[in-house]
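Written out below as structure tokens is the structure these notes cover.
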Amino acid sequence: MKHYHRFNLYAQGEKASDLSVLIAGGGINGIGLFRELALQGIDVLLIDKSDFCSGTSAAMTRIIHGGLRYLENAELRLVRESLRERNLLLANAPHYVKPLPTTIPIFSWTSGIIPAIRNLIGWPSKPGDRGAILIKTGLTLYDLLAGRKSLLPRHKFRFRHTVFSLRPSLNPEVICTATYYDARITYPERLCLELIQDAEASCPGAHALNYVSLQSATGKQ
Ligand SMILES: Cc1cc2nc3c(=O)[nH]c(=O)nc-3n(C[C@H](O)[C@H](O)[C@H](O)COP(=O)(O)OP(=O)(O)OC[C@H]3O[C@@H](n4cnc5c(N)ncnc54)[C@H](O)[C@@H]3O)c2cc1C
């Protein structure tokens, strides 16, 4: 792997010290920031010591979720923000981001209500099974927070008779199922490369270089 001195980064003879912003790390966070700055016309250099999007951003589970599990801690603002981001990805990158239906089998009506209340009032206890009432409440809230502009269908509850007519081989102890939607991303690496190209095309002062490593930094950081 080659390491370049910061003043040798530009083939055009520009000095790295002339830059407004240097971003070290071309994962989704660095690339997202790179594009935001480029769209505002700010000269910015993005470097990565390896291929772009070859770190954590390529190793994720590829679920674009709205943070359903954060509801149990009443982190409503975080869930709303995640749902908005999920919707933006579905709208802006439909070629990579697709709906992901998930079906939860449910075995009781009331399980999990007391631990959920304890959690909300700050006395956490071990999470156990979640019953139909708790799941229905959580998914209804999830749909509400997604808002009317959500591009995904709302959740669906199915009772025993419908469930077994659709899936006869399901565990006979299931009393109902809940199907809700999140999204999945097929190729995060490709999305990242598109964002880089978009940023470079929209701002003449935005450049991205891979196989360039940040070794040290001086001055204001
Ligand atoms: C197992 C797992 C599953 C996940 N699943 C999901 C999921 O389903 N949905 C979801 O939204 N999030 C998920 N996440 C979280 C998500 O993947 C991360 O939050 C995100 O990828 C972090 O991106 P990043 O840009 O901060 O880091 P990275 O993608 O790791 O990027 C950092 C980059 O910096 C570069 N770098 C490091 N040092 C230097 C240097 N000195 N000079 C130049 N470059 C350098 C690296 O090469 C790397 O490319 C998951 C995370 C993990 C670990």
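Ordering of the structure tokens sets the chain letters (A, B, ...); residue numbers start at 1 within each chain; ligands are numbered from 1 in the order shown.
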> Hey, which residues come within 6 Å of ligand 1 if we count only C-alpha atoms and all ligand atoms? Could you give them as an NGL selection string?
Replying inline: :A and (24-30 or 47-50 or 52-57 or 60-64 or 213-215)
> If we count only C-alpha atoms, what is near segment 193-195 of chain A at a cut-off of 7 Å, once residues fewer than 4 positions away on the same chain are taken out, given as a PyMOL selection string?
Replying inline: chain A and resi 31+35+189+199
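Between Asp182 of chain A and the candidates A:Val212, A:Ile114, A:Leu68, A:Leu19, the tightest atom-to-atom separation, counting only C-alpha atoms, involves A:Leu68.
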> Excluding same-chain residues fewer than 6 positions from Leu45 of chain A, what lies within 12 Å of it counting only C-alpha atoms, as a PyMOL selection string?
Replying inline: chain A and resi 6+9-10+14-26+30-31+33-35+37-38+196+199-200+203-210+212+214
> Which residue gives the smallest distance to Ala178 of chain A among A:Phe157, A:Asn119, A:Leu83, A:Val163, with only C-alpha atoms counted?
Replying inline: A:Phe157
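Of all the residues in segment 133-184 of chain A, the ones DSSP labels as helix (DSSP H, G or I) from the backbone are Ile133, Leu134, Ile135, Lys136, Thr137, Gly138, Leu139, Thr140, Leu141, Tyr142, Asp143, Leu144, Leu145, Ala146, Arg160, His161, Thr162, Val163, Phe164, Ser165 and Leu166 of chain A.
The residues of segment 21-127 of chain A that DSSP classifies as strand (DSSP E), using the backbone of this structure, are Val21, Leu22, Ile23, Ala24, Val44, Leu45, Leu46, Ile47, Asp48, Ile63, Ile64, Val97, Lys98, Pro99, Leu100, Pro101, Thr102, Thr103, Ile104, Pro105 and Ile106 of chain A.
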>> When you look at Thr103 of chain A with a cut-off of 8 Å (counting only C-alpha atoms), what residues show up, excluding the ones that are within fewer than 6 positions of it in the same chain? I need them as a list in words.
In response: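 So the residues in contact are Thr177, Ala178, Thr179 and Tyr180 of chain A.
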>> Could you list, as a list in words, every residue within 12 Å of Ala93 of chain A, counting only C-alpha atoms and ignoring same-chain residues fewer than 6 positions away?
In response: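 Skipping anything fewer than 6 positions along the chain leaves Ile64, Glu85, Arg86, Asn87, Pro99, Ala183, Arg184, Ile185, Thr186, Tyr187, Pro188, Arg190, Leu191, Cys192, Glu194 and Leu195 of chain A.
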> Pick the closest to Pro115 of chain A from A:Asp51, A:Glu75, A:Asp143, A:Asp129: which is it, counting only C-alpha atoms?
Replying inline: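 Closest to Pro115 of chain A, using only C-alpha atoms: A:Asp129.
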> Between A:Tyr96, A:Tyr181, A:Phe164, A:Tyr211, which is the closest to Tyr142 of chain A once you count only C-alpha atoms?
Replying inline: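 The shortest atom-to-atom distance to Tyr142 of chain A comes from A:Tyr181.
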>> Can you tell me which residues surround Trp109 of chain A at a distance of at most 8 Å, considering only C-alpha atoms, apart from same-chain residues fewer than 5 positions away, and format the answer as a ChimeraX atom specification?
In response: /A:131-133
